[in-house]
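What follows is the content of final.txt, which has compact mmCIF, N, CA and C atoms:
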# COMPACT_ATOMS: atom_id res chain seq x y z
N MET P 704 -21.58 14.94 -12.34
CA MET P 704 -21.19 16.07 -13.15
C MET P 704 -22.35 16.47 -14.04
N GLN P 705 -22.36 17.73 -14.39
CA GLN P 705 -23.43 18.24 -15.23
C GLN P 705 -22.93 19.46 -15.98
N GLY P 706 -23.27 19.52 -17.29
CA GLY P 706 -22.85 20.66 -18.08
C GLY P 706 -23.24 20.51 -19.53
N ASN P 707 -22.30 20.91 -20.42
CA ASN P 707 -22.58 20.96 -21.86
C ASN P 707 -21.49 20.29 -22.67
N TRP P 708 -21.90 19.71 -23.78
CA TRP P 708 -21.03 19.06 -24.76
C TRP P 708 -21.23 19.81 -26.07
N LEU P 709 -20.15 20.15 -26.73
CA LEU P 709 -20.24 20.90 -27.98
C LEU P 709 -19.37 20.23 -29.04
N GLU P 710 -19.96 19.93 -30.19
CA GLU P 710 -19.22 19.36 -31.32
C GLU P 710 -19.09 20.40 -32.41
N ARG P 711 -18.07 20.24 -33.23
CA ARG P 711 -17.82 21.16 -34.34
C ARG P 711 -19.11 21.32 -35.16
N ASN P 712 -19.47 22.56 -35.45
CA ASN P 712 -20.65 22.90 -36.25
C ASN P 712 -21.96 22.43 -35.63
N GLY P 713 -21.98 22.24 -34.31
CA GLY P 713 -23.20 21.81 -33.63
C GLY P 713 -23.57 22.73 -32.49
N MET P 714 -24.76 22.56 -32.01
CA MET P 714 -25.24 23.31 -30.85
C MET P 714 -24.87 22.55 -29.59
N PRO P 715 -24.66 23.25 -28.47
CA PRO P 715 -24.36 22.56 -27.22
C PRO P 715 -25.51 21.62 -26.83
N ILE P 716 -25.15 20.46 -26.28
CA ILE P 716 -26.16 19.55 -25.75
C ILE P 716 -25.82 19.25 -24.29
N SER P 717 -26.85 18.96 -23.54
CA SER P 717 -26.69 18.69 -22.12
C SER P 717 -25.97 17.36 -21.90
N VAL P 718 -25.07 17.34 -20.92
CA VAL P 718 -24.36 16.11 -20.55
C VAL P 718 -24.40 15.98 -19.03
N LYS P 719 -24.60 14.74 -18.59
CA LYS P 719 -24.56 14.42 -17.17
C LYS P 719 -23.71 13.18 -17.00
N GLY P 720 -23.11 13.03 -15.83
CA GLY P 720 -22.29 11.85 -15.63
C GLY P 720 -21.84 11.69 -14.20
N MET P 721 -21.04 10.63 -14.03
CA MET P 721 -20.51 10.30 -12.72
C MET P 721 -19.14 9.66 -12.91
N THR P 722 -18.24 9.94 -11.99
CA THR P 722 -16.92 9.32 -11.97
C THR P 722 -16.70 8.70 -10.60
N LEU P 723 -16.27 7.45 -10.60
CA LEU P 723 -15.91 6.76 -9.37
C LEU P 723 -14.40 6.58 -9.36
N VAL P 724 -13.75 6.89 -8.23
CA VAL P 724 -12.30 6.81 -8.11
C VAL P 724 -11.95 5.88 -6.96
N ALA P 725 -10.98 5.00 -7.18
CA ALA P 725 -10.49 4.12 -6.11
C ALA P 725 -8.96 4.14 -6.12
N TRP P 726 -8.37 4.11 -4.92
CA TRP P 726 -6.91 4.13 -4.74
C TRP P 726 -6.47 2.86 -4.03
N ASN P 727 -5.21 2.43 -4.27
CA ASN P 727 -4.64 1.38 -3.43
C ASN P 727 -3.36 1.91 -2.79
N ARG P 728 -2.68 1.09 -2.03
CA ARG P 728 -1.53 1.53 -1.23
C ARG P 728 -0.29 1.88 -2.04
N ASP P 729 -0.18 1.39 -3.26
CA ASP P 729 1.01 1.61 -4.07
C ASP P 729 0.86 2.78 -5.04
N ASN P 730 -0.02 3.73 -4.73
CA ASN P 730 -0.28 4.90 -5.56
C ASN P 730 -0.93 4.58 -6.90
N TRP P 731 -1.51 3.39 -7.03
CA TRP P 731 -2.28 3.04 -8.22
C TRP P 731 -3.72 3.50 -8.01
N PHE P 732 -4.34 3.96 -9.08
CA PHE P 732 -5.75 4.35 -9.00
C PHE P 732 -6.52 3.79 -10.18
N THR P 733 -7.81 3.65 -9.98
CA THR P 733 -8.72 3.32 -11.08
C THR P 733 -9.85 4.34 -11.04
N MET P 734 -10.35 4.66 -12.22
CA MET P 734 -11.49 5.56 -12.34
C MET P 734 -12.43 4.99 -13.39
N ALA P 735 -13.70 5.14 -13.15
CA ALA P 735 -14.71 4.76 -14.12
C ALA P 735 -15.65 5.95 -14.29
N THR P 736 -15.84 6.38 -15.53
CA THR P 736 -16.71 7.52 -15.82
C THR P 736 -17.77 7.09 -16.82
N LYS P 737 -18.97 7.58 -16.61
CA LYS P 737 -20.06 7.35 -17.56
C LYS P 737 -20.72 8.69 -17.83
N LEU P 738 -20.86 9.03 -19.11
CA LEU P 738 -21.51 10.26 -19.53
C LEU P 738 -22.76 9.91 -20.31
N ILE P 739 -23.86 10.59 -20.00
CA ILE P 739 -25.10 10.42 -20.76
C ILE P 739 -25.54 11.78 -21.27
N PHE P 740 -26.37 11.76 -22.30
CA PHE P 740 -26.83 12.97 -22.97
C PHE P 740 -28.36 13.01 -22.94
N PRO P 741 -28.95 13.50 -21.83
CA PRO P 741 -30.41 13.50 -21.69
C PRO P 741 -31.09 14.28 -22.81
N GLY P 742 -32.17 13.73 -23.32
CA GLY P 742 -32.93 14.41 -24.37
C GLY P 742 -32.27 14.41 -25.73
N SER P 743 -31.24 13.58 -25.89
CA SER P 743 -30.50 13.51 -27.15
C SER P 743 -30.42 12.06 -27.60
N ASP P 744 -30.21 11.85 -28.89
CA ASP P 744 -30.03 10.49 -29.38
C ASP P 744 -28.56 10.07 -29.37
N ARG P 745 -27.70 10.92 -28.83
CA ARG P 745 -26.27 10.63 -28.75
C ARG P 745 -26.04 9.47 -27.78
N SER P 746 -25.20 8.53 -28.17
CA SER P 746 -24.90 7.37 -27.32
C SER P 746 -24.07 7.79 -26.11
N GLU P 747 -24.22 7.03 -25.02
CA GLU P 747 -23.45 7.32 -23.82
C GLU P 747 -21.97 7.03 -24.06
N ILE P 748 -21.14 7.63 -23.23
CA ILE P 748 -19.69 7.43 -23.30
C ILE P 748 -19.24 6.83 -21.97
N SER P 749 -18.42 5.78 -22.05
CA SER P 749 -17.87 5.20 -20.82
C SER P 749 -16.35 5.15 -20.94
N LEU P 750 -15.69 5.41 -19.82
CA LEU P 750 -14.25 5.48 -19.75
C LEU P 750 -13.77 4.68 -18.55
N GLN P 751 -12.74 3.85 -18.73
CA GLN P 751 -12.15 3.05 -17.66
C GLN P 751 -10.66 3.40 -17.59
N TYR P 752 -10.26 4.05 -16.51
CA TYR P 752 -8.88 4.48 -16.31
C TYR P 752 -8.15 3.53 -15.36
N LYS P 753 -6.85 3.40 -15.59
CA LYS P 753 -5.95 2.80 -14.61
C LYS P 753 -4.66 3.60 -14.68
N GLY P 754 -4.20 4.07 -13.53
CA GLY P 754 -3.01 4.90 -13.54
C GLY P 754 -2.23 4.81 -12.26
N ARG P 755 -1.10 5.51 -12.27
CA ARG P 755 -0.21 5.48 -11.10
C ARG P 755 0.37 6.87 -10.88
N LEU P 756 0.24 7.34 -9.65
CA LEU P 756 0.85 8.59 -9.22
C LEU P 756 2.31 8.30 -8.93
N HIS P 757 3.22 9.04 -9.57
CA HIS P 757 4.64 8.80 -9.38
C HIS P 757 5.06 9.17 -7.95
N GLU P 758 5.87 8.34 -7.34
CA GLU P 758 6.30 8.49 -5.95
C GLU P 758 6.94 9.86 -5.72
N GLY P 759 6.41 10.60 -4.75
CA GLY P 759 6.98 11.88 -4.37
C GLY P 759 6.80 12.99 -5.39
N GLU P 760 6.00 12.78 -6.41
CA GLU P 760 5.81 13.78 -7.46
C GLU P 760 4.33 14.13 -7.58
N ARG P 761 4.06 15.12 -8.38
CA ARG P 761 2.69 15.55 -8.62
C ARG P 761 2.28 15.20 -10.05
N GLN P 762 2.86 14.12 -10.57
CA GLN P 762 2.58 13.69 -11.94
C GLN P 762 2.14 12.24 -11.94
N TYR P 763 1.33 11.89 -12.93
CA TYR P 763 0.87 10.51 -13.05
C TYR P 763 0.72 10.14 -14.52
N THR P 764 0.71 8.86 -14.77
CA THR P 764 0.45 8.34 -16.10
C THR P 764 -0.76 7.42 -16.01
N PHE P 765 -1.43 7.23 -17.13
CA PHE P 765 -2.62 6.38 -17.10
C PHE P 765 -2.86 5.72 -18.46
N LEU P 766 -3.58 4.62 -18.40
CA LEU P 766 -4.14 3.95 -19.57
C LEU P 766 -5.65 4.10 -19.46
N LEU P 767 -6.29 4.24 -20.58
CA LEU P 767 -7.73 4.48 -20.59
C LEU P 767 -8.37 3.66 -21.69
N GLN P 768 -9.45 3.00 -21.36
CA GLN P 768 -10.27 2.32 -22.36
C GLN P 768 -11.51 3.17 -22.55
N HIS P 769 -11.69 3.71 -23.76
CA HIS P 769 -12.80 4.61 -24.10
C HIS P 769 -13.71 3.86 -25.06
N ASN P 770 -15.01 3.84 -24.79
CA ASN P 770 -15.89 3.00 -25.61
C ASN P 770 -16.02 3.46 -27.05
N THR P 771 -15.69 4.70 -27.38
CA THR P 771 -15.74 5.13 -28.78
C THR P 771 -14.36 5.38 -29.40
N LEU P 772 -13.38 5.77 -28.59
CA LEU P 772 -12.05 6.05 -29.13
C LEU P 772 -11.11 4.86 -29.06
N GLY P 773 -11.37 3.91 -28.15
CA GLY P 773 -10.50 2.75 -28.00
C GLY P 773 -9.48 2.94 -26.91
N GLN P 774 -8.26 2.39 -27.15
CA GLN P 774 -7.20 2.46 -26.14
C GLN P 774 -6.46 3.79 -26.20
N ILE P 775 -6.23 4.34 -25.00
CA ILE P 775 -5.63 5.66 -24.87
C ILE P 775 -4.54 5.61 -23.81
N GLU P 776 -3.47 6.38 -24.03
CA GLU P 776 -2.44 6.61 -23.02
C GLU P 776 -2.45 8.08 -22.68
N GLY P 777 -2.05 8.40 -21.43
CA GLY P 777 -2.03 9.80 -21.07
C GLY P 777 -1.17 10.09 -19.87
N GLU P 778 -1.06 11.37 -19.57
CA GLU P 778 -0.32 11.84 -18.42
C GLU P 778 -1.08 12.98 -17.77
N GLY P 779 -0.85 13.17 -16.48
CA GLY P 779 -1.49 14.25 -15.77
C GLY P 779 -0.53 14.93 -14.81
N TRP P 780 -0.81 16.17 -14.53
CA TRP P 780 -0.06 16.95 -13.55
C TRP P 780 -1.05 17.51 -12.54
N ILE P 781 -0.69 17.44 -11.27
CA ILE P 781 -1.53 17.95 -10.20
C ILE P 781 -0.91 19.25 -9.70
N GLY P 782 -1.63 20.34 -9.93
CA GLY P 782 -1.18 21.66 -9.46
C GLY P 782 -1.81 21.99 -8.12
N LEU P 783 -1.66 23.23 -7.70
CA LEU P 783 -2.23 23.64 -6.42
C LEU P 783 -3.75 23.67 -6.46
N ASP P 784 -4.33 24.16 -7.55
CA ASP P 784 -5.78 24.22 -7.67
C ASP P 784 -6.30 23.59 -8.96
N THR P 785 -5.43 22.94 -9.72
CA THR P 785 -5.87 22.32 -10.97
C THR P 785 -5.23 20.95 -11.16
N ILE P 786 -5.92 20.14 -11.93
CA ILE P 786 -5.36 18.90 -12.44
C ILE P 786 -5.47 19.01 -13.96
N VAL P 787 -4.34 18.89 -14.65
CA VAL P 787 -4.32 18.98 -16.10
C VAL P 787 -3.84 17.64 -16.64
N GLN P 788 -4.58 17.11 -17.60
CA GLN P 788 -4.11 15.87 -18.22
C GLN P 788 -4.30 15.95 -19.73
N ARG P 789 -3.42 15.23 -20.40
CA ARG P 789 -3.51 15.12 -21.85
C ARG P 789 -3.38 13.65 -22.20
N TYR P 790 -3.93 13.29 -23.34
CA TYR P 790 -3.91 11.89 -23.75
C TYR P 790 -3.92 11.78 -25.26
N TRP P 791 -3.58 10.59 -25.74
CA TRP P 791 -3.54 10.34 -27.17
C TRP P 791 -4.07 8.93 -27.43
N VAL P 792 -4.80 8.78 -28.53
CA VAL P 792 -5.39 7.50 -28.89
C VAL P 792 -4.30 6.65 -29.54
N ILE P 793 -4.13 5.44 -29.06
CA ILE P 793 -3.07 4.55 -29.55
C ILE P 793 -3.43 3.99 -30.92
N GLY P 794 -2.50 4.11 -31.87
CA GLY P 794 -2.67 3.54 -33.21
C GLY P 794 -3.82 4.14 -34.00
N ASP P 795 -4.10 5.41 -33.82
CA ASP P 795 -5.25 6.05 -34.45
C ASP P 795 -4.84 6.78 -35.73
N ARG P 796 -5.45 6.44 -36.83
CA ARG P 796 -5.13 7.09 -38.12
C ARG P 796 -5.55 8.55 -38.15
N GLN P 797 -6.54 8.90 -37.35
CA GLN P 797 -6.99 10.30 -37.31
C GLN P 797 -6.14 11.17 -36.37
N ARG P 798 -5.16 10.52 -35.69
CA ARG P 798 -4.27 11.22 -34.76
C ARG P 798 -5.06 11.99 -33.70
N ARG P 799 -6.05 11.31 -33.11
CA ARG P 799 -6.87 11.98 -32.09
C ARG P 799 -6.13 12.04 -30.76
N SER P 800 -6.33 13.14 -30.10
CA SER P 800 -5.75 13.38 -28.78
C SER P 800 -6.70 14.29 -28.03
N GLY P 801 -6.42 14.47 -26.75
CA GLY P 801 -7.31 15.32 -25.97
C GLY P 801 -6.63 15.88 -24.74
N PHE P 802 -7.37 16.73 -24.05
CA PHE P 802 -6.89 17.37 -22.84
C PHE P 802 -8.07 17.60 -21.90
N GLU P 803 -7.77 17.69 -20.62
CA GLU P 803 -8.76 18.02 -19.61
C GLU P 803 -8.11 18.90 -18.55
N THR P 804 -8.85 19.87 -18.08
CA THR P 804 -8.41 20.69 -16.97
C THR P 804 -9.51 20.70 -15.92
N LEU P 805 -9.17 20.23 -14.74
CA LEU P 805 -10.08 20.27 -13.59
C LEU P 805 -9.61 21.40 -12.68
N HIS P 806 -10.45 22.37 -12.47
CA HIS P 806 -10.11 23.50 -11.60
C HIS P 806 -10.94 23.41 -10.33
N ARG P 807 -10.27 23.43 -9.18
CA ARG P 807 -10.97 23.34 -7.90
C ARG P 807 -11.61 24.68 -7.56
N ILE P 808 -12.93 24.66 -7.37
CA ILE P 808 -13.68 25.85 -6.99
C ILE P 808 -13.74 25.95 -5.47
N SER P 809 -13.98 24.81 -4.82
CA SER P 809 -14.03 24.73 -3.36
C SER P 809 -13.60 23.31 -2.98
N GLU P 810 -13.69 22.99 -1.71
CA GLU P 810 -13.23 21.68 -1.24
C GLU P 810 -13.89 20.52 -1.99
N ASP P 811 -15.17 20.65 -2.33
CA ASP P 811 -15.89 19.55 -2.98
C ASP P 811 -16.43 19.89 -4.37
N LYS P 812 -16.08 21.04 -4.93
CA LYS P 812 -16.59 21.43 -6.24
C LYS P 812 -15.44 21.73 -7.20
N TYR P 813 -15.62 21.24 -8.44
CA TYR P 813 -14.64 21.42 -9.49
C TYR P 813 -15.33 21.86 -10.76
N TYR P 814 -14.56 22.49 -11.64
CA TYR P 814 -15.04 22.84 -12.98
C TYR P 814 -14.11 22.15 -13.97
N LEU P 815 -14.67 21.38 -14.89
CA LEU P 815 -13.90 20.63 -15.88
C LEU P 815 -14.14 21.20 -17.26
N SER P 816 -13.06 21.48 -17.98
CA SER P 816 -13.18 21.79 -19.40
C SER P 816 -12.25 20.82 -20.13
N SER P 817 -12.73 20.30 -21.25
CA SER P 817 -11.95 19.32 -21.98
C SER P 817 -12.19 19.47 -23.47
N GLY P 818 -11.34 18.84 -24.24
CA GLY P 818 -11.49 18.87 -25.69
C GLY P 818 -10.82 17.66 -26.32
N ILE P 819 -11.33 17.28 -27.46
CA ILE P 819 -10.73 16.21 -28.26
C ILE P 819 -10.38 16.79 -29.61
N MET P 820 -9.19 16.45 -30.10
CA MET P 820 -8.72 16.93 -31.38
C MET P 820 -8.44 15.77 -32.32
N ALA P 821 -8.63 16.03 -33.60
CA ALA P 821 -8.21 15.11 -34.65
C ALA P 821 -7.14 15.86 -35.44
N GLY P 822 -5.90 15.40 -35.34
CA GLY P 822 -4.80 16.17 -35.92
C GLY P 822 -4.69 17.49 -35.19
N HIS P 823 -4.79 18.59 -35.94
CA HIS P 823 -4.68 19.92 -35.34
C HIS P 823 -6.03 20.58 -35.09
N PHE P 824 -7.13 19.87 -35.36
CA PHE P 824 -8.45 20.49 -35.29
C PHE P 824 -9.25 20.00 -34.09
N LEU P 825 -9.83 20.93 -33.38
CA LEU P 825 -10.70 20.62 -32.25
C LEU P 825 -11.99 20.03 -32.80
N THR P 826 -12.39 18.86 -32.31
CA THR P 826 -13.62 18.22 -32.80
C THR P 826 -14.77 18.35 -31.81
N ASN P 827 -14.48 18.38 -30.51
CA ASN P 827 -15.53 18.62 -29.53
C ASN P 827 -14.92 19.12 -28.22
N THR P 828 -15.77 19.76 -27.44
CA THR P 828 -15.38 20.22 -26.11
C THR P 828 -16.49 19.86 -25.12
N MET P 829 -16.12 19.85 -23.86
CA MET P 829 -17.09 19.63 -22.80
C MET P 829 -16.75 20.56 -21.65
N GLU P 830 -17.78 21.14 -21.06
CA GLU P 830 -17.60 21.96 -19.86
C GLU P 830 -18.67 21.53 -18.87
N VAL P 831 -18.21 21.09 -17.70
CA VAL P 831 -19.13 20.58 -16.68
C VAL P 831 -18.67 21.02 -15.29
N SER P 832 -19.62 21.04 -14.39
CA SER P 832 -19.33 21.23 -12.97
C SER P 832 -19.39 19.87 -12.31
N LEU P 833 -18.47 19.62 -11.39
CA LEU P 833 -18.44 18.36 -10.66
C LEU P 833 -18.58 18.66 -9.19
N GLU P 834 -19.26 17.77 -8.50
CA GLU P 834 -19.35 17.87 -7.05
C GLU P 834 -18.96 16.55 -6.45
N ARG P 835 -17.96 16.57 -5.56
CA ARG P 835 -17.46 15.36 -4.92
C ARG P 835 -18.47 14.86 -3.89
N GLN P 836 -18.73 13.57 -3.94
CA GLN P 836 -19.64 12.92 -2.98
C GLN P 836 -18.81 11.97 -2.14
N SER P 837 -18.91 12.06 -0.84
CA SER P 837 -18.20 11.13 0.05
C SER P 837 -19.00 9.85 0.17
N THR P 838 -18.27 8.74 0.34
CA THR P 838 -18.96 7.45 0.50
C THR P 838 -18.88 6.97 1.92

Structure rendered as C-alpha cells:
Amino acid sequence: MQGNWLERNGMPISVKGMTLVAWNRDNWFTMATKLIFPGSDRSEISLQYKGRLHEGERQYTFLLQHNTLGQIEGEGWIGLDTIVQRYWVIGDRQRRSGFETLHRISEDKYYLSSGIMAGHFLTNTMEVSLERQST
C-alpha cells in the first residue's frame, strides 16, 4: 500500500505498508499490517488482527493488537464493492475509535480511507492505494 497520512494540524506525510492475510477452514482469518513513514521521524505502526467471518453472512468481528493504541475490538461488513469496518480501543480513557473503508477499484486494486477519533474529534486520517499480490 502507498499513500498519505494526515494528522490534525499537520501536513500530509507519505505512508507505505503491507498487509498479509491468511484464512483457515472455519472462516477464521489473521492479518498482519505494517506501516512505515519514509523520510519522516514518525515511528512505524504494526497491527495484528484475528477475526471470524460469520457463517452465511457478509459480516465479521475481529480483535486487533495495535502497537500504539493497544487492544482493539471491531466489526466489518463486506459489501459488493466495499469493505467497511469500525473499531474501538478497549479500556481507553480518550475513547478512541476508528473506521476504514476499502473500495474495490478492480480485481486486484483497492482504495483505503481511514480515520481515528478521540471522543468526537478526528485525530488522523489515511488514504492509500492497495494492490493485491498473489503468492

query: Which of chain P counts as strand (DSSP E) under DSSP, as an MDAnalysis selection string please?
result: chainID P and resid 705:710 716:726 731:739 748:756 762:769 773:781 785:792 799:809 812:821 824:834

Nearest to Met829 of chain P by atom-to-atom distance, counting only C-alpha atoms, from P:Val718, P:Ile775, P:Val787, P:Ile739: P:Val718

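Closest to Gly706 of chain P among P:Gly754, P:Gly720, P:Gly777, P:Gly794 is P:Gly720, based on all atoms listed in the file.
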
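Within 6 Å of Ile786 of chain P, once only C-alpha atoms are used and residues closer than 2 positions along the same chain are dropped, the contacting residues are Trp780, Ile781, Gly782, Thr804 and Leu805 of chain P.
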
field: Separation of atom N of Leu766 of chain P from atom C of Ser749 of chain P, in Å and rounded to one decimal
entry: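 Answer for the atom N of Leu766 of chain P to atom C of Ser749 of chain P separation: 13.0 Å.
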
task: Compile the contact shell of Ser809 of chain P as a PyMOL selection string: residues with an atom at most 12 Å away, counting only C-alpha atoms, same-chain residues fewer than 6 positions apart removed.
output: chain P and resi 784-785+832-835
